[in-house]
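Shown next: structure-v4.txt, containing compact mmCIF, C-alpha atoms.
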```
# COMPACT_ATOMS: atom_id res chain seq x y z
CA SER A 1 -20.37 6.62 -5.32
CA THR A 2 -22.94 4.73 -7.38
CA LEU A 3 -25.49 2.10 -6.52
CA PRO A 4 -24.25 -1.51 -6.76
CA PHE A 5 -27.16 -2.19 -9.13
CA PRO A 6 -27.72 1.11 -10.94
CA PHE A 7 -31.06 0.09 -12.46
CA MET A 8 -32.73 -1.04 -9.27
CA ALA A 9 -33.53 2.33 -7.70
CA ALA A 10 -35.38 3.49 -10.80
CA GLU A 11 -37.16 0.16 -11.18
CA ALA A 12 -38.23 0.14 -7.52
CA ALA A 13 -39.68 3.63 -7.90
CA TRP A 14 -41.51 2.51 -11.04
CA LEU A 15 -42.98 -0.51 -9.22
CA ILE A 16 -44.18 1.59 -6.29
CA GLU A 17 -45.88 4.06 -8.62
CA ALA A 18 -47.43 1.27 -10.70
CA ILE A 19 -48.89 -0.40 -7.59
CA ARG A 20 -50.22 2.95 -6.35
CA VAL A 21 -52.06 3.47 -9.64
CA ASN A 22 -53.21 -0.15 -9.90
CA PRO A 23 -53.32 -1.89 -6.47
CA ARG A 24 -54.07 -5.24 -8.12
CA LEU A 25 -50.45 -5.36 -9.24
CA LYS A 26 -49.36 -6.07 -5.67
CA HIS A 27 -50.28 -9.72 -6.21
CA THR A 28 -47.63 -9.99 -8.92
CA LEU A 29 -45.02 -8.04 -6.93
CA PRO A 30 -42.71 -11.03 -6.20
CA ARG A 31 -42.48 -11.86 -9.90
CA LEU A 32 -41.92 -8.23 -10.84
CA LEU A 33 -39.17 -7.87 -8.25
CA PHE A 34 -37.50 -11.05 -9.44
CA ALA A 35 -37.58 -9.79 -13.02
CA CYS A 36 -36.02 -6.48 -11.97
CA VAL A 37 -33.24 -8.16 -9.99
CA PHE A 38 -32.57 -10.63 -12.80
CA PHE A 39 -32.39 -7.83 -15.36
CA SER A 40 -30.13 -5.69 -13.17
CA CYS A 41 -27.78 -8.57 -12.37
CA GLY A 42 -27.56 -9.41 -16.05
CA CYS A 43 -26.66 -5.85 -16.97
CA VAL A 44 -24.01 -5.72 -14.23
CA TYR A 45 -22.53 -9.03 -15.44
CA LEU A 46 -22.41 -7.94 -19.07
CA ASN A 47 -20.79 -4.68 -17.97
CA GLY A 48 -18.00 -6.53 -16.15
CA ASN A 49 -19.44 -5.13 -12.90
CA PHE A 50 -17.65 -1.89 -13.78
CA ARG A 51 -18.68 1.26 -11.95
CA ALA A 52 -17.32 4.39 -10.33
CA VAL A 53 -16.45 4.59 -6.66
CA GLU A 54 -15.71 8.26 -7.24
CA ASP A 55 -15.93 9.38 -10.84
CA GLY A 56 -12.58 10.52 -12.18
CA ARG A 57 -10.60 9.04 -9.29
CA VAL A 58 -11.39 5.41 -8.51
CA TYR A 59 -13.28 2.76 -10.47
CA ARG A 60 -14.00 -0.87 -9.63
CA SER A 61 -14.87 -3.98 -11.60
CA GLY A 62 -14.67 -7.72 -11.97
CA GLN A 63 -12.24 -9.37 -14.34
CA LEU A 64 -12.58 -7.61 -17.69
CA SER A 65 -11.80 -9.04 -21.09
CA PRO A 66 -8.76 -7.53 -22.84
CA HIS A 67 -11.06 -5.51 -25.12
CA GLY A 68 -13.24 -4.48 -22.18
CA LEU A 69 -10.19 -3.33 -20.22
CA GLU A 70 -8.83 -1.36 -23.19
CA ARG A 71 -12.20 0.31 -23.65
CA ARG A 72 -12.50 1.31 -19.97
CA ILE A 73 -8.92 2.60 -19.86
CA GLU A 74 -9.48 4.81 -22.89
CA LYS A 75 -13.00 5.96 -22.00
CA HIS A 76 -12.20 6.87 -18.39
CA SER A 77 -8.52 7.83 -18.85
CA ILE A 78 -7.48 5.22 -16.29
CA ARG A 79 -3.84 5.64 -15.27
CA ALA A 80 -3.26 2.47 -13.19
CA VAL A 81 -4.81 -0.98 -12.72
CA VAL A 82 -4.81 -2.68 -9.32
CA SER A 83 -5.58 -6.40 -9.38
CA LEU A 84 -6.71 -7.90 -6.08
CA ARG A 85 -6.35 -11.40 -7.52
CA GLY A 86 -2.58 -11.40 -7.01
CA PRO A 87 0.04 -12.46 -9.56
CA ALA A 88 -0.82 -15.47 -11.73
CA ALA A 89 1.98 -15.71 -14.29
CA SER A 90 0.73 -18.94 -15.84
CA GLU A 91 -2.88 -17.76 -16.35
CA ALA A 92 -4.05 -16.39 -19.70
CA TRP A 93 -6.17 -13.63 -18.12
CA TYR A 94 -3.14 -12.35 -16.21
CA LYS A 95 -0.87 -12.30 -19.26
CA GLU A 96 -3.56 -10.51 -21.26
CA GLU A 97 -4.08 -7.93 -18.53
CA LEU A 98 -0.36 -7.21 -18.28
CA SER A 99 -0.19 -6.91 -22.06
CA VAL A 100 -3.05 -4.41 -22.20
CA CYS A 101 -1.52 -2.28 -19.42
CA ALA A 102 1.88 -2.33 -21.12
CA ALA A 103 0.33 -1.34 -24.45
CA GLU A 104 -1.53 1.52 -22.77
CA GLY A 105 1.61 2.61 -20.91
CA ILE A 106 0.09 2.36 -17.42
CA PRO A 107 1.29 0.49 -14.31
CA HIS A 108 -0.24 -2.79 -13.18
CA ILE A 109 -0.17 -3.48 -9.42
CA ASP A 110 -0.87 -6.84 -7.77
CA LEU A 111 -2.37 -7.19 -4.30
CA ALA A 112 -3.19 -10.77 -3.29
CA TRP A 113 -6.50 -10.55 -1.43
CA SER A 114 -9.03 -13.28 -0.72
CA LYS A 115 -12.73 -12.90 0.00
CA ASP A 116 -12.28 -15.58 2.66
CA ALA A 117 -9.71 -13.68 4.76
CA LEU A 118 -8.83 -10.24 6.05
CA PRO A 119 -6.29 -8.33 3.95
CA THR A 120 -2.79 -8.36 5.39
CA PRO A 121 -1.70 -5.11 7.08
CA LYS A 122 1.01 -4.69 4.43
CA SER A 123 -1.39 -5.00 1.49
CA LEU A 124 -3.97 -2.75 3.13
CA THR A 125 -1.32 -0.10 3.76
CA GLU A 126 -0.21 -0.39 0.14
CA LEU A 127 -3.76 0.10 -1.13
CA ILE A 128 -4.13 3.22 1.01
CA ARG A 129 -0.81 4.50 -0.32
CA LEU A 130 -2.10 4.02 -3.87
CA TYR A 131 -5.28 5.91 -3.03
CA ASP A 132 -3.24 8.74 -1.53
CA PHE A 133 -0.35 9.00 -3.96
CA GLY A 134 -0.94 6.67 -6.92
CA PRO A 135 -1.83 7.84 -10.42
CA LYS A 136 -5.49 8.69 -10.94
CA PRO A 137 -7.92 7.61 -12.05
CA LEU A 138 -7.19 4.02 -11.06
CA LEU A 139 -9.15 0.83 -11.53
CA VAL A 140 -9.26 -1.76 -8.75
CA HIS A 141 -10.66 -5.16 -9.63
CA CYS A 142 -11.05 -8.75 -8.47
CA GLN A 143 -12.64 -11.70 -10.25
CA GLY A 144 -16.35 -11.01 -9.84
CA GLY A 145 -16.22 -7.39 -8.70
CA THR A 146 -18.23 -8.04 -5.54
CA HIS A 147 -16.20 -9.06 -2.47
CA ARG A 148 -12.57 -7.95 -2.74
CA SER A 149 -13.42 -4.97 -4.94
CA GLY A 150 -16.26 -4.09 -2.59
CA VAL A 151 -13.98 -3.95 0.44
CA ALA A 152 -11.28 -2.11 -1.51
CA SER A 153 -13.89 0.47 -2.51
CA ALA A 154 -15.08 0.74 1.09
CA VAL A 155 -11.46 1.38 2.10
CA PHE A 156 -11.33 4.29 -0.34
CA VAL A 157 -14.49 5.76 1.22
CA LEU A 158 -12.97 5.39 4.70
CA VAL A 159 -9.70 6.96 3.60
CA GLU A 160 -11.73 9.94 2.38
CA GLY A 161 -12.98 10.39 5.95
CA VAL A 162 -16.52 9.12 5.41
CA GLY A 163 -18.12 6.89 8.05
CA VAL A 164 -18.35 3.11 8.10
CA ASP A 165 -22.09 3.13 7.36
CA ASN A 166 -21.44 4.91 4.07
CA ALA A 167 -18.50 2.62 3.34
CA ARG A 168 -20.76 -0.43 3.74
CA GLU A 169 -22.82 0.79 0.78
CA GLN A 170 -19.93 -0.35 -1.42
CA LEU A 171 -20.50 -3.98 -0.42
CA GLY A 172 -23.84 -4.40 -2.15
CA PRO A 173 -26.67 -6.92 -1.73
CA LEU A 174 -24.70 -9.93 -3.03
CA PHE A 175 -21.79 -9.51 -0.60
CA ASN A 176 -23.43 -11.65 2.11
CA ASP A 177 -21.08 -12.42 5.02
CA ALA A 178 -17.78 -12.86 3.21
CA PRO A 179 -14.98 -12.93 5.85
CA ILE A 180 -13.06 -10.09 4.18
CA GLY A 181 -15.95 -7.78 5.13
CA ARG A 182 -15.05 -8.17 8.79
CA LEU A 183 -12.51 -5.41 8.21
CA LEU A 184 -15.34 -2.88 8.51
CA ASP A 185 -16.63 -4.45 11.72
CA LEU A 186 -13.18 -4.26 13.28
CA CYS A 187 -12.49 -0.63 12.41
CA GLU A 188 -15.99 0.49 13.36
CA VAL A 189 -15.36 0.07 17.10
CA SER A 190 -12.40 2.46 17.01
CA GLU A 191 -12.70 6.22 17.36
CA LYS A 192 -9.43 6.76 15.50
CA PRO A 193 -9.33 8.03 11.92
CA PHE A 194 -9.12 5.06 9.57
CA ARG A 195 -5.52 5.72 8.47
CA ASP A 196 -4.36 5.87 12.10
CA TRP A 197 -6.29 2.72 12.96
CA VAL A 198 -4.67 0.81 10.08
CA LYS A 199 -1.21 2.01 11.07
CA GLU A 200 -1.44 1.70 14.86
CA ASP A 201 -4.02 -0.96 15.66
CA TYR A 202 -4.69 -3.18 12.68
CA PRO A 203 -1.40 -5.17 12.67
CA LYS A 204 -2.09 -6.43 16.20
CA ILE A 205 -5.77 -7.02 15.49
CA TYR A 206 -4.87 -8.95 12.35
CA VAL A 207 -2.62 -11.31 14.31
CA LEU A 208 -5.32 -11.87 16.92
CA GLU A 209 -7.89 -12.60 14.21
CA LEU A 210 -5.53 -15.14 12.64
CA LYS A 211 -5.15 -16.88 15.98
CA LYS A 212 -8.94 -17.01 16.39
CA GLY A 213 -9.19 -18.64 12.99
CA ASN A 214 -6.75 -21.35 14.04
```

Encoding of this model in structure tokens:
Amino acid sequence: STLPFPFMAAEAAWLIEAIRVNPRLKHTLPRLLFACVFFSCGCVYLNGNFRAVEDGRVYRSGQLSPHGLERRIEKHSIRAVVSLRGPAASEAWYKEELSVCAAEGIPHIDLAWSKDALPTPKSLTELIRLYDFGPKPLLVHCQGGTHRSGVASAVFVLVEGVGVDNAREQLGPLFNDAPIGRLLDLCEVSEKPFRDWVKEDYPKIYVLELKKGN
């Protein structure tokens, strides 16, 4: 996996070294940090928030322009696109995305997720099925590339058998407390492998969580 803000680790190391050499710089640290964050966020935005979850297998992003999507498909040999925004037949972005996928000869899959709710057991099971058996590499995206894509990327990490702490790294510093992230809190208390937990426990937990919300 890659850092949510790929420039920030290098910039942080540079700042630490600069302050070590010239301690007077510590007084300007807040401004320097702000500049680094602003620069990194800008680069991520201009890049469509595109990055690898695991290079050659799963990529994630926000909503890409038609040209941006074509470029990523061709550069990374992407064989399927999974949209977490759900079907939106009347929206221009959706028509353009379908058109690009059709022109490239790759499948387009819709999963209707919301950052404000847990994914349904059916859609979560379908995403895991795609990770297990779908064409690779695949691109999973939402609108901004932060919340829904972050959780979908964390699901991939969990499916690979890595722990929840590592999966949380996919959420990034701008995730905050979006309700969809509660999925990781719920699975963390179980000792079952993630696939088994999703199959055996999550449907009941999902219903209970819905009742709590009401």

Nearest residue to A:Asp196 out of A:Leu84, A:Val159, A:Ala89, A:Pro179, using all atoms listed in the file?
A:Val159

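Counting from atom CA of A:Glu91, the distance to atom CA of A:Gln63 is 12.7 Å.
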
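Pairwise distance (atom CA of A:Pro173, atom CA of A:Glu54) equals 19.5 Å.
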
Answer as an MDAnalysis selection string, residues within 12 Å of (-6.7, 5.1, 11.7) using all atoms listed in the file
chainID A and resid 124:125 128 155 158:161 186:203

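Among the candidate residues A:Ala152, A:Val100, A:Ala92, A:Leu138, the one lying nearest to A:Ser123 is A:Ala152, with distances computed using all atoms listed in the file.
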
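In this structure, atom CA of A:Thr120 sits 13.7 Å away from atom CA of A:Arg85.
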
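Considering the residues A:Pro119, A:Gly213, A:Pro137, A:Gly163 and counting all atoms listed in the file, A:Gly56 has its shortest atom-to-atom contact with A:Pro137.
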
Can you tell me which residues surround A:Lys136 at a distance of at most 8 Å, considering all atoms listed in the file, apart from same-chain residues fewer than 5 positions away, and format the answer as a count of residues only?
6
